[in-house]
file input-v6.csv (CSV, C-alpha atoms)
chain,number,residue,atom,x,y,z
A,1,MET,CA,-26.0,-16.2,-7.9
A,2,SER,CA,-28.4,-13.6,-6.5
A,3,ASP,CA,-28.2,-10.1,-7.8
A,4,PHE,CA,-29.5,-8.7,-4.5
A,5,TYR,CA,-26.7,-6.2,-4.0
A,6,LYS,CA,-26.8,-5.1,-7.7
A,7,ASP,CA,-30.6,-4.5,-7.3
A,8,LEU,CA,-29.9,-2.3,-4.2
A,9,GLU,CA,-27.6,0.0,-6.1
A,10,SER,CA,-30.5,2.1,-7.4
A,11,GLN,CA,-32.4,2.1,-4.1
A,12,LYS,CA,-32.7,5.3,-2.1
A,13,LYS,CA,-31.4,6.0,1.4
A,14,GLY,CA,-33.7,4.4,4.0
A,15,SER,CA,-34.7,1.5,1.8
A,16,GLN,CA,-34.8,-1.7,3.9
A,17,SER,CA,-34.3,-5.5,3.4
A,18,SER,CA,-34.3,-8.5,5.7
A,19,LEU,CA,-31.2,-9.6,7.5
A,20,ASP,CA,-31.4,-13.2,6.2
A,21,THR,CA,-31.5,-12.0,2.6
A,22,ALA,CA,-28.7,-9.6,3.2
A,23,LEU,CA,-26.5,-12.2,4.8
A,24,ASP,CA,-27.4,-15.0,2.3
A,25,SER,CA,-26.4,-12.6,-0.5
A,26,LEU,CA,-23.0,-11.7,0.8
A,27,LYS,CA,-20.2,-12.9,-1.5
A,28,PHE,CA,-18.1,-15.1,0.7
A,29,ASN,CA,-14.9,-16.5,-0.9
A,30,SER,CA,-14.3,-20.2,-1.6
A,31,ASP,CA,-13.4,-20.7,2.1
A,32,GLY,CA,-16.7,-19.2,3.2
A,33,LEU,CA,-15.0,-16.0,4.4
A,34,ILE,CA,-15.4,-12.2,3.7
A,35,PRO,CA,-12.9,-9.5,4.6
A,36,ALA,CA,-13.8,-7.2,7.4
A,37,ILE,CA,-12.2,-3.8,8.0
A,38,ALA,CA,-12.3,-2.5,11.5
A,39,GLN,CA,-12.4,1.2,12.0
A,40,GLN,CA,-12.4,3.2,15.2
A,41,HIS,CA,-15.9,4.8,15.1
A,42,ASP,CA,-15.0,8.3,16.3
A,43,SER,CA,-11.4,9.0,15.2
A,44,GLY,CA,-11.7,7.1,11.8
A,45,GLU,CA,-8.5,5.2,12.3
A,46,VAL,CA,-8.4,2.0,10.3
A,47,LEU,CA,-7.3,-0.5,12.9
A,48,MET,CA,-7.0,-3.8,11.2
A,49,MET,CA,-8.4,-6.1,8.5
A,50,ALA,CA,-9.5,-9.7,9.3
A,51,TRP,CA,-12.0,-12.3,8.0
A,52,MET,CA,-15.5,-13.4,9.1
A,53,ASN,CA,-17.7,-16.3,8.2
A,54,ARG,CA,-21.5,-16.1,8.4
A,55,ALA,CA,-21.7,-17.4,11.9
A,56,ALA,CA,-19.1,-14.9,13.1
A,57,ILE,CA,-21.1,-12.1,11.5
A,58,GLU,CA,-24.3,-13.3,13.2
A,59,GLU,CA,-22.6,-13.6,16.6
A,60,THR,CA,-21.1,-10.1,16.2
A,61,LEU,CA,-24.5,-8.6,15.4
A,62,GLN,CA,-26.1,-10.4,18.4
A,63,THR,CA,-23.4,-9.8,21.1
A,64,LYS,CA,-22.0,-6.5,19.7
A,65,GLN,CA,-18.5,-7.9,20.5
A,66,VAL,CA,-16.5,-8.5,17.3
A,67,CYS,CA,-15.9,-12.1,16.4
A,68,TYR,CA,-13.7,-13.0,13.4
A,69,TRP,CA,-12.6,-16.3,11.9
A,70,SER,CA,-8.9,-16.9,12.4
A,71,ARG,CA,-7.5,-18.4,9.2
A,72,SER,CA,-4.2,-19.4,11.0
A,73,ARG,CA,-5.9,-21.1,13.9
A,74,ASN,CA,-8.9,-22.3,11.9
A,75,ASN,CA,-11.3,-21.2,14.6
A,76,TYR,CA,-13.4,-18.4,15.9
A,77,TRP,CA,-11.4,-15.4,17.1
A,78,ARG,CA,-13.2,-13.4,19.6
A,79,LYS,CA,-11.2,-10.2,19.5
A,80,GLY,CA,-9.7,-9.4,23.0
A,81,GLU,CA,-10.5,-12.8,24.4
A,82,SER,CA,-6.8,-13.3,25.5
A,83,SER,CA,-5.6,-9.7,25.5
A,84,GLY,CA,-8.7,-8.0,26.9
A,85,ASN,CA,-8.6,-5.5,24.0
A,86,GLN,CA,-12.1,-6.1,22.8
A,87,GLN,CA,-13.8,-4.4,19.9
A,88,ARG,CA,-17.4,-3.3,20.6
A,89,LEU,CA,-19.5,-3.0,17.5
A,90,LYS,CA,-21.0,0.4,16.7
A,91,SER,CA,-22.2,-0.4,13.2
A,92,MET,CA,-21.6,-2.8,10.3
A,93,SER,CA,-22.0,-2.2,6.6
A,94,THR,CA,-21.2,-4.0,3.4
A,95,ASP,CA,-20.1,-2.5,0.1
A,96,CYS,CA,-21.9,-2.1,-3.2
A,97,ASP,CA,-21.1,-5.6,-4.4
A,98,GLY,CA,-21.5,-7.3,-1.0
A,99,ASP,CA,-18.0,-8.7,-0.8
A,100,THR,CA,-16.4,-6.6,2.0
A,101,LEU,CA,-17.6,-5.6,5.4
A,102,LEU,CA,-16.8,-2.4,7.3
A,103,LEU,CA,-17.1,-2.5,11.1
A,104,LYS,CA,-17.1,0.7,13.1
A,105,VAL,CA,-16.0,-0.2,16.5
A,106,GLU,CA,-14.9,1.0,19.9
A,107,GLN,CA,-11.4,-0.5,20.3
A,108,LEU,CA,-10.1,-1.0,23.8
A,109,GLY,CA,-6.3,-0.5,23.9
A,110,ALA,CA,-4.2,-1.8,21.1
A,111,ALA,CA,-5.8,-3.4,18.1
A,112,CYS,CA,-2.5,-5.0,17.0
A,113,HIS,CA,-0.9,-8.0,18.6
A,114,THR,CA,2.4,-6.1,18.5
A,115,GLY,CA,0.8,-3.7,21.1
A,116,ARG,CA,0.4,-0.9,18.6
A,117,ARG,CA,-2.9,0.9,18.3
A,118,ASP,CA,-3.4,-0.3,14.8
A,119,CYS,CA,-1.8,-2.8,12.4
A,120,PHE,CA,-0.9,-0.5,9.6
A,121,TYR,CA,2.5,0.7,10.9
A,122,ASN,CA,4.7,-0.3,8.0
A,123,GLU,CA,4.6,2.7,5.7
A,124,ILE,CA,5.7,2.1,2.1
A,125,SER,CA,6.8,4.7,-0.3
A,126,ASP,CA,9.0,4.8,-3.4
A,127,GLN,CA,11.9,5.3,-0.9
A,128,GLY,CA,11.3,2.1,0.9
A,129,LEU,CA,9.6,1.0,4.1
A,130,GLU,CA,9.6,2.9,7.4
A,131,ILE,CA,8.0,1.9,10.7
A,132,SER,CA,5.5,4.7,11.6
A,133,SER,CA,4.5,3.9,15.2
A,134,ASP,CA,5.6,2.3,18.5
A,135,PRO,CA,3.6,0.1,20.8
A,136,ILE,CA,1.2,1.7,23.2
A,137,GLN,CA,1.1,-1.6,25.3
A,138,ASP,CA,3.8,-4.1,26.0
A,139,PRO,CA,2.9,-7.2,23.8
A,140,ASN,CA,4.6,-9.5,26.4
A,141,GLN,CA,2.2,-8.2,29.0
A,142,LEU,CA,-0.8,-8.3,26.6
A,143,TYR,CA,-0.6,-12.1,26.1
A,144,LYS,CA,0.9,-13.1,29.5
A,145,LYS,CA,-0.5,-16.4,30.6
A,146,GLN,CA,-1.7,-16.5,34.2
B,1,MET,CA,8.6,-17.9,3.2
B,2,SER,CA,10.4,-14.9,4.6
B,3,ASP,CA,9.7,-13.7,8.1
B,4,PHE,CA,10.5,-10.2,7.1
B,5,TYR,CA,7.3,-8.7,8.5
B,6,LYS,CA,7.5,-10.8,11.7
B,7,ASP,CA,11.0,-9.5,12.2
B,8,LEU,CA,9.8,-5.9,11.8
B,9,GLU,CA,7.2,-6.3,14.7
B,10,SER,CA,9.9,-5.4,17.3
B,11,GLN,CA,11.5,-2.6,15.3
B,12,LYS,CA,11.1,0.9,16.5
B,13,LYS,CA,9.4,3.9,14.8
B,14,GLY,CA,11.7,5.3,12.1
B,15,SER,CA,13.4,1.9,11.3
B,16,GLN,CA,13.8,1.5,7.5
B,17,SER,CA,14.0,-1.3,4.9
B,18,SER,CA,14.4,-1.4,1.2
B,19,LEU,CA,11.4,-1.1,-1.1
B,20,ASP,CA,12.2,-4.3,-3.0
B,21,THR,CA,12.4,-6.4,0.2
B,22,ALA,CA,9.2,-4.9,1.5
B,23,LEU,CA,7.3,-5.7,-1.8
B,24,ASP,CA,8.9,-9.1,-2.2
B,25,SER,CA,7.8,-10.0,1.3
B,26,LEU,CA,4.1,-9.0,1.0
B,27,LYS,CA,1.8,-12.0,1.3
B,28,PHE,CA,-0.1,-12.0,-2.0
B,29,ASN,CA,-2.9,-14.6,-2.3
B,30,SER,CA,-2.8,-17.5,-4.7
B,31,ASP,CA,-3.9,-15.2,-7.5
B,32,GLY,CA,-1.0,-12.8,-6.8
B,33,LEU,CA,-3.3,-10.2,-5.2
B,34,ILE,CA,-3.4,-8.3,-1.9
B,35,PRO,CA,-6.5,-6.4,-0.6
B,36,ALA,CA,-6.1,-2.6,-0.5
B,37,ILE,CA,-8.3,-0.4,1.6
B,38,ALA,CA,-8.8,3.2,0.3
B,39,GLN,CA,-9.3,5.8,2.9
B,40,GLN,CA,-9.9,9.6,2.4
B,41,HIS,CA,-6.7,11.0,3.9
B,42,ASP,CA,-8.2,13.9,5.8
B,43,SER,CA,-11.8,12.9,6.8
B,44,GLY,CA,-10.9,9.3,7.5
B,45,GLU,CA,-13.9,7.9,5.5
B,46,VAL,CA,-13.2,4.4,4.3
B,47,LEU,CA,-14.1,4.7,0.6
B,48,MET,CA,-13.7,1.2,-0.9
B,49,MET,CA,-11.7,-2.0,-0.9
B,50,ALA,CA,-10.1,-3.5,-4.0
B,51,TRP,CA,-7.1,-5.6,-5.0
B,52,MET,CA,-3.6,-4.9,-6.2
B,53,ASN,CA,-0.9,-7.1,-7.7
B,54,ARG,CA,2.8,-6.2,-7.4
B,55,ALA,CA,2.9,-4.2,-10.6
B,56,ALA,CA,-0.2,-2.2,-9.6
B,57,ILE,CA,1.5,-1.3,-6.3
B,58,GLU,CA,4.7,-0.2,-8.1
B,59,GLU,CA,2.8,1.9,-10.6
B,60,THR,CA,0.8,3.5,-7.8
B,61,LEU,CA,4.0,4.4,-5.9
B,62,GLN,CA,5.6,5.9,-9.0
B,63,THR,CA,2.6,7.8,-10.5
B,64,LYS,CA,0.8,8.6,-7.2
B,65,GLN,CA,-2.5,7.8,-9.0
B,66,VAL,CA,-4.0,4.6,-7.6
B,67,CYS,CA,-4.0,1.6,-9.9
B,68,TYR,CA,-5.8,-1.6,-8.8
B,69,TRP,CA,-6.2,-5.0,-10.4
B,70,SER,CA,-9.8,-5.7,-11.5
B,71,ARG,CA,-10.7,-9.3,-10.8
B,72,SER,CA,-13.8,-9.1,-12.9
B,73,ARG,CA,-12.1,-7.6,-16.0
B,74,ASN,CA,-8.8,-9.4,-15.3
B,75,ASN,CA,-6.9,-6.2,-16.1
B,76,TYR,CA,-5.3,-3.1,-14.5
B,77,TRP,CA,-7.9,-0.7,-13.2
B,78,ARG,CA,-6.6,2.8,-13.1
B,79,LYS,CA,-9.2,4.3,-10.8
B,80,GLY,CA,-11.0,7.2,-12.4
B,81,GLU,CA,-9.9,6.4,-16.0
B,82,SER,CA,-13.4,6.4,-17.3
B,83,SER,CA,-15.2,8.4,-14.6
B,84,GLY,CA,-12.6,11.0,-13.9
B,85,ASN,CA,-12.9,10.3,-10.2
B,86,GLN,CA,-9.2,9.5,-9.6
B,87,GLN,CA,-7.6,8.7,-6.3
B,88,ARG,CA,-4.3,10.5,-5.7
B,89,LEU,CA,-2.1,8.6,-3.3
B,90,LYS,CA,-1.1,10.4,-0.1
B,91,SER,CA,0.5,7.4,1.7
B,92,MET,CA,0.5,3.6,1.6
B,93,SER,CA,1.1,1.2,4.5
B,94,THR,CA,0.9,-2.5,5.1
B,95,ASP,CA,-0.2,-4.3,8.2
B,96,CYS,CA,1.8,-6.3,10.8
B,97,ASP,CA,1.7,-9.5,8.8
B,98,GLY,CA,2.1,-7.9,5.3
B,99,ASP,CA,-1.2,-9.2,3.8
B,100,THR,CA,-3.3,-6.1,3.6
B,101,LEU,CA,-2.6,-2.5,2.3
B,102,LEU,CA,-4.1,0.7,3.5
B,103,LEU,CA,-4.0,3.6,1.0
B,104,LYS,CA,-4.6,7.1,2.2
B,105,VAL,CA,-5.9,9.0,-0.8
B,106,GLU,CA,-7.4,12.2,-2.1
B,107,GLN,CA,-10.6,11.0,-3.7
B,108,LEU,CA,-12.1,13.2,-6.5
B,109,GLY,CA,-15.9,13.0,-6.5
B,110,ALA,CA,-17.6,9.6,-5.9
B,111,ALA,CA,-15.5,6.6,-5.1
B,112,CYS,CA,-18.3,4.2,-5.8
B,113,HIS,CA,-19.6,3.3,-9.3
B,114,THR,CA,-23.1,3.9,-8.0
B,115,GLY,CA,-22.2,7.6,-7.7
B,116,ARG,CA,-22.1,7.4,-3.9
B,117,ARG,CA,-19.1,9.0,-2.1
B,118,ASP,CA,-18.1,5.6,-0.7
B,119,CYS,CA,-19.1,1.9,-1.3
B,120,PHE,CA,-20.2,1.1,2.2
B,121,TYR,CA,-23.7,2.3,2.1
B,122,ASN,CA,-25.5,-1.0,2.9
B,123,GLU,CA,-25.8,-0.8,6.7
B,124,ILE,CA,-26.4,-4.2,8.4
B,125,SER,CA,-27.8,-4.6,11.9
B,126,ASP,CA,-29.7,-7.3,13.7
B,127,GLN,CA,-32.8,-5.5,12.4
B,128,GLY,CA,-31.8,-6.0,8.7
B,129,LEU,CA,-30.2,-4.0,6.0
B,130,GLU,CA,-30.8,-0.3,5.3
B,131,ILE,CA,-29.3,1.9,2.6
B,132,SER,CA,-27.5,4.7,4.4
B,133,SER,CA,-26.6,7.2,1.6
B,134,ASP,CA,-27.7,8.5,-1.8
B,135,PRO,CA,-25.5,9.2,-4.8
B,136,ILE,CA,-23.6,12.5,-5.0
B,137,GLN,CA,-23.1,12.1,-8.8
B,138,ASP,CA,-25.4,10.6,-11.4
B,139,PRO,CA,-23.9,7.2,-12.3
B,140,ASN,CA,-25.3,7.5,-15.8
B,141,GLN,CA,-23.4,10.7,-16.3
B,142,LEU,CA,-20.2,9.3,-14.6
B,143,TYR,CA,-19.7,6.5,-17.2
B,144,LYS,CA,-21.3,8.2,-20.2
B,145,LYS,CA,-19.4,7.3,-23.3
B,146,GLN,CA,-18.5,10.2,-25.6

call {"tool": "encode", "arguments": {"input": "input-v6.csv", "output": "structure tokens"}}
result
Amino acid sequence: MSDFYKDLESQKKGSQSSLDTALDSLKFNSDGLIPAIAQQHDSGEVLMMAWMNRAAIEETLQTKQVCYWSRSRNNYWRKGESSGNQQRLKSMSTDCDGDTLLLKVEQLGAACHTGRRDCFYNEISDQGLEISSDPIQDPNQLYKKQ
Amino acid sequence: MSDFYKDLESQKKGSQSSLDTALDSLKFNSDGLIPAIAQQHDSGEVLMMAWMNRAAIEETLQTKQVCYWSRSRNNYWRKGESSGNQQRLKSMSTDCDGDTLLLKVEQLGAACHTGRRDCFYNEISDQGLEISSDPIQDPNQLYKKQ
């Protein structure tokens, strides 16, 4: 296993490496996937977390439209393909050990399939769970087949 | 498998459930872990992503000091125990399908073991990788053994 990301820890701001080495050195799990957090670039809202494989990362960098890997459908998941609620990539980064991605995006409409702006609406405290937001779009309209 | 989180999708803001049911219904992976994103509660910075088991979640809710499960050390990881850079929990939520947690926290000092404020300092674009920040604390001082 390469120690590429370990070696970067002591590098200064502005230090550069090749894209191929950076992607080759990411720590994908045993299914070839890496978790990707999507954050609205200007407001800072954390919208959702999903998974990418290497090809999805490359496509996203090229097209600037976020493409995940759907574990339930076992296929590429081009965000917004059915709903129209695309995520345009503003920037991508990986963490210190190269096993998580952070995508800063421009989210059109609702990020969540429930029609809510983001997926993290189930607030949990020592008192229990409470739903913290309502949909901003009708989910039945979002995925209406023509 | 419970459809608890599926059933919550159509519930309105303010709807409540018991803590036990909420935690029992989380979708832990085959190692009993769930990914947890830590976000600075006021600035919105995404600080890091780590993993929790059920006991770590319960401890975090009780003590309000974030406790993860370290996959490399195979043990509880009480954030800031050695460095002093604790994370105080402000709120916790789970996403629509109950397989990811978002922790809003008050982060003391650097969240990253490299001494950087957050872990996502390896910016990746179609041009390659570039380090986007420098440490705010000296990592050699952070983990200095007395």

call {"tool": "residues_around", "arguments": {"input": "input-v6.csv", "residues": "Ala38 of chain B", "least_positions_apart": "3", "cutoff": "9 Å", "atoms": "all atoms listed in the file", "output": "PyMOL selection string"}}
result
chain B and resi 41+45-50+87+101-105+107

call {"tool": "closest_residue", "arguments": {"input": "input-v6.csv", "among": "B:Gln39, B:Ser83, B:Ser70, B:Ser133", "to": "chain A", "atoms": "only C-alpha atoms"}}
result
B:Ser133

call {"tool": "interface_residues", "arguments": {"input": "input-v6.csv", "of": "chain B", "to": "chain A", "cutoff": "8 Å", "atoms": "all atoms listed in the file", "output": "JSON, numbers by chain"}}
result
{"B": [9, 10, 11, 12, 13, 14, 15, 16, 17, 18, 19, 20, 22, 43, 44, 45, 48, 49, 61, 62, 91, 92, 93, 94, 95, 96, 100, 101, 102, 112, 114, 119, 120, 121, 122, 123, 124, 125, 126, 127, 128, 129, 130, 131, 132, 133, 134]}

call {"tool": "atom_distance", "arguments": {"input": "input-v6.csv", "atom1": "atom CA of Asn85 of chain A", "atom2": "atom CA of Asp7 of chain B"}}
result
23.2 Å

call {"tool": "residues_around", "arguments": {"input": "input-v6.csv", "residues": "Asn53 of chain B", "least_positions_apart": "2", "cutoff": "8 Å", "atoms": "all atoms listed in the file", "output": "MDAnalysis selection string"}}
result
chainID B and resid 28 32:34 51 55:57 68:69

call {"tool": "closest_residue", "arguments": {"input": "input-v6.csv", "among": "A:Arg117, A:Asn74, A:Gly84, A:Tyr143", "to": "Asp31 of chain A", "atoms": "only C-alpha atoms"}}
result
A:Asn74

call {"tool": "atom_distance", "arguments": {"input": "input-v6.csv", "atom1": "atom CA of Gln65 of chain A", "atom2": "atom CA of Phe4 of chain A"}}
result
27.3 Å

call {"tool": "closest_residue", "arguments": {"input": "input-v6.csv", "among": "B:Ala36, B:Leu142, B:Met52, B:Ile136", "to": "Tyr76 of chain B", "atoms": "only C-alpha atoms"}}
result
B:Met52

call {"tool": "atom_distance", "arguments": {"input": "input-v6.csv", "atom1": "atom CA of Thr63 of chain A", "atom2": "atom CA of Lys79 of chain A"}}
result
12.3 Å

call {"tool": "build_atoms", "arguments": {"input": "input-v6.csv", "residues": "segment 64-75 of chain A", "atoms": "all heavy atoms", "output": "PDB file, keeping the file's coordinate frame"}}
result
ATOM      1  N   LYS A  64     -22.617  -7.786  19.890  1.00  0.00           N
ATOM      2  CA  LYS A  64     -22.000  -6.500  19.700  1.00  0.00           C
ATOM      3  C   LYS A  64     -20.474  -6.539  20.117  1.00  0.00           C
ATOM      4  O   LYS A  64     -19.826  -5.493  20.228  1.00  0.00           O
ATOM      5  CB  LYS A  64     -22.660  -5.367  20.525  1.00  0.00           C
ATOM      6  CG  LYS A  64     -24.163  -5.272  20.279  1.00  0.00           C
ATOM      7  CD  LYS A  64     -24.477  -4.588  18.974  1.00  0.00           C
ATOM      8  CE  LYS A  64     -25.965  -4.275  18.831  1.00  0.00           C
ATOM      9  NZ  LYS A  64     -26.675  -5.381  18.105  1.00  0.00           N
ATOM     10  N   GLN A  65     -19.940  -7.731  20.317  1.00  0.00           N
ATOM     11  CA  GLN A  65     -18.500  -7.900  20.500  1.00  0.00           C
ATOM     12  C   GLN A  65     -17.990  -8.569  19.246  1.00  0.00           C
ATOM     13  O   GLN A  65     -18.492  -9.637  18.862  1.00  0.00           O
ATOM     14  CB  GLN A  65     -18.185  -8.781  21.726  1.00  0.00           C
ATOM     15  CG  GLN A  65     -18.637  -8.198  23.058  1.00  0.00           C
ATOM     16  CD  GLN A  65     -17.891  -6.931  23.452  1.00  0.00           C
ATOM     17  OE1 GLN A  65     -16.780  -6.677  22.984  1.00  0.00           O
ATOM     18  NE2 GLN A  65     -18.522  -6.119  24.297  1.00  0.00           N
ATOM     19  N   VAL A  66     -16.957  -7.974  18.615  1.00  0.00           N
ATOM     20  CA  VAL A  66     -16.500  -8.500  17.300  1.00  0.00           C
ATOM     21  C   VAL A  66     -15.876  -9.832  17.390  1.00  0.00           C
ATOM     22  O   VAL A  66     -14.973 -10.046  18.191  1.00  0.00           O
ATOM     23  CB  VAL A  66     -15.617  -7.452  16.597  1.00  0.00           C
ATOM     24  CG1 VAL A  66     -15.171  -8.000  15.252  1.00  0.00           C
ATOM     25  CG2 VAL A  66     -16.343  -6.112  16.415  1.00  0.00           C
ATOM     26  N   CYS A  67     -16.382 -10.736  16.563  1.00  0.00           N
ATOM     27  CA  CYS A  67     -15.900 -12.100  16.400  1.00  0.00           C
ATOM     28  C   CYS A  67     -15.448 -12.333  14.999  1.00  0.00           C
ATOM     29  O   CYS A  67     -16.268 -12.197  14.095  1.00  0.00           O
ATOM     30  CB  CYS A  67     -16.944 -13.089  16.865  1.00  0.00           C
ATOM     31  SG  CYS A  67     -16.518 -14.811  16.570  1.00  0.00           S
ATOM     32  N   TYR A  68     -14.166 -12.645  14.780  1.00  0.00           N
ATOM     33  CA  TYR A  68     -13.700 -13.000  13.400  1.00  0.00           C
ATOM     34  C   TYR A  68     -13.505 -14.472  13.302  1.00  0.00           C
ATOM     35  O   TYR A  68     -13.740 -15.231  14.240  1.00  0.00           O
ATOM     36  CB  TYR A  68     -12.290 -12.309  13.225  1.00  0.00           C
ATOM     37  CG  TYR A  68     -12.286 -10.803  13.299  1.00  0.00           C
ATOM     38  CD1 TYR A  68     -11.796 -10.129  14.427  1.00  0.00           C
ATOM     39  CD2 TYR A  68     -12.749 -10.040  12.228  1.00  0.00           C
ATOM     40  CE1 TYR A  68     -11.789  -8.742  14.488  1.00  0.00           C
ATOM     41  CE2 TYR A  68     -12.737  -8.644  12.289  1.00  0.00           C
ATOM     42  CZ  TYR A  68     -12.259  -8.009  13.420  1.00  0.00           C
ATOM     43  OH  TYR A  68     -12.250  -6.632  13.476  1.00  0.00           O
ATOM     44  N   TRP A  69     -13.048 -14.886  12.098  1.00  0.00           N
ATOM     45  CA  TRP A  69     -12.600 -16.300  11.900  1.00  0.00           C
ATOM     46  C   TRP A  69     -11.102 -16.204  11.661  1.00  0.00           C
ATOM     47  O   TRP A  69     -10.626 -15.509  10.763  1.00  0.00           O
ATOM     48  CB  TRP A  69     -13.291 -16.884  10.666  1.00  0.00           C
ATOM     49  CG  TRP A  69     -12.834 -18.286  10.425  1.00  0.00           C
ATOM     50  CD1 TRP A  69     -11.896 -18.708   9.521  1.00  0.00           C
ATOM     51  CD2 TRP A  69     -13.272 -19.466  11.109  1.00  0.00           C
ATOM     52  NE1 TRP A  69     -11.727 -20.064   9.598  1.00  0.00           N
ATOM     53  CE2 TRP A  69     -12.562 -20.561  10.572  1.00  0.00           C
ATOM     54  CE3 TRP A  69     -14.188 -19.708  12.139  1.00  0.00           C
ATOM     55  CZ2 TRP A  69     -12.743 -21.878  11.020  1.00  0.00           C
ATOM     56  CZ3 TRP A  69     -14.369 -21.009  12.576  1.00  0.00           C
ATOM     57  CH2 TRP A  69     -13.666 -22.067  12.031  1.00  0.00           C
ATOM     58  N   SER A  70     -10.345 -16.896  12.497  1.00  0.00           N
ATOM     59  CA  SER A  70      -8.900 -16.900  12.400  1.00  0.00           C
ATOM     60  C   SER A  70      -8.493 -17.965  11.329  1.00  0.00           C
ATOM     61  O   SER A  70      -8.744 -19.162  11.524  1.00  0.00           O
ATOM     62  CB  SER A  70      -8.230 -17.216  13.697  1.00  0.00           C
ATOM     63  OG  SER A  70      -6.864 -17.514  13.472  1.00  0.00           O
ATOM     64  N   ARG A  71      -7.883 -17.515  10.219  1.00  0.00           N
ATOM     65  CA  ARG A  71      -7.500 -18.400   9.200  1.00  0.00           C
ATOM     66  C   ARG A  71      -6.252 -19.253   9.647  1.00  0.00           C
ATOM     67  O   ARG A  71      -6.087 -20.399   9.250  1.00  0.00           O
ATOM     68  CB  ARG A  71      -7.120 -17.686   7.890  1.00  0.00           C
ATOM     69  CG  ARG A  71      -8.343 -16.962   7.304  1.00  0.00           C
ATOM     70  CD  ARG A  71      -7.983 -16.205   6.047  1.00  0.00           C
ATOM     71  NE  ARG A  71      -6.930 -15.226   6.301  1.00  0.00           N
ATOM     72  CZ  ARG A  71      -6.292 -14.554   5.361  1.00  0.00           C
ATOM     73  NH1 ARG A  71      -6.580 -14.746   4.082  1.00  0.00           N
ATOM     74  NH2 ARG A  71      -5.368 -13.670   5.672  1.00  0.00           N
ATOM     75  N   SER A  72      -5.412 -18.675  10.509  1.00  0.00           N
ATOM     76  CA  SER A  72      -4.200 -19.400  11.000  1.00  0.00           C
ATOM     77  C   SER A  72      -4.593 -20.456  12.015  1.00  0.00           C
ATOM     78  O   SER A  72      -4.042 -21.550  12.035  1.00  0.00           O
ATOM     79  CB  SER A  72      -3.162 -18.461  11.508  1.00  0.00           C
ATOM     80  OG  SER A  72      -3.705 -17.674  12.547  1.00  0.00           O
ATOM     81  N   ARG A  73      -5.553 -20.125  12.862  1.00  0.00           N
ATOM     82  CA  ARG A  73      -5.900 -21.100  13.900  1.00  0.00           C
ATOM     83  C   ARG A  73      -7.157 -21.913  13.498  1.00  0.00           C
ATOM     84  O   ARG A  73      -7.556 -22.835  14.200  1.00  0.00           O
ATOM     85  CB  ARG A  73      -6.241 -20.341  15.221  1.00  0.00           C
ATOM     86  CG  ARG A  73      -4.956 -19.839  15.908  1.00  0.00           C
ATOM     87  CD  ARG A  73      -5.280 -19.070  17.172  1.00  0.00           C
ATOM     88  NE  ARG A  73      -5.975 -17.815  16.857  1.00  0.00           N
ATOM     89  CZ  ARG A  73      -6.779 -17.164  17.682  1.00  0.00           C
ATOM     90  NH1 ARG A  73      -7.035 -17.640  18.876  1.00  0.00           N
ATOM     91  NH2 ARG A  73      -7.359 -16.031  17.319  1.00  0.00           N
ATOM     92  N   ASN A  74      -7.783 -21.544  12.360  1.00  0.00           N
ATOM     93  CA  ASN A  74      -8.900 -22.300  11.900  1.00  0.00           C
ATOM     94  C   ASN A  74     -10.047 -22.368  12.914  1.00  0.00           C
ATOM     95  O   ASN A  74     -10.610 -23.441  13.152  1.00  0.00           O
ATOM     96  CB  ASN A  74      -8.526 -23.654  11.365  1.00  0.00           C
ATOM     97  CG  ASN A  74      -9.454 -24.171  10.267  1.00  0.00           C
ATOM     98  OD1 ASN A  74      -9.929 -23.389   9.435  1.00  0.00           O
ATOM     99  ND2 ASN A  74      -9.731 -25.460  10.276  1.00  0.00           N
ATOM    100  N   ASN A  75     -10.332 -21.223  13.525  1.00  0.00           N
ATOM    101  CA  ASN A  75     -11.300 -21.200  14.600  1.00  0.00           C
ATOM    102  C   ASN A  75     -11.853 -19.811  14.796  1.00  0.00           C
ATOM    103  O   ASN A  75     -11.309 -18.859  14.246  1.00  0.00           O
ATOM    104  CB  ASN A  75     -10.606 -21.679  15.915  1.00  0.00           C
ATOM    105  CG  ASN A  75     -11.580 -22.349  16.879  1.00  0.00           C
ATOM    106  OD1 ASN A  75     -12.810 -22.172  16.786  1.00  0.00           O
ATOM    107  ND2 ASN A  75     -11.036 -23.115  17.804  1.00  0.00           N
TER     108      ASN A  75
END
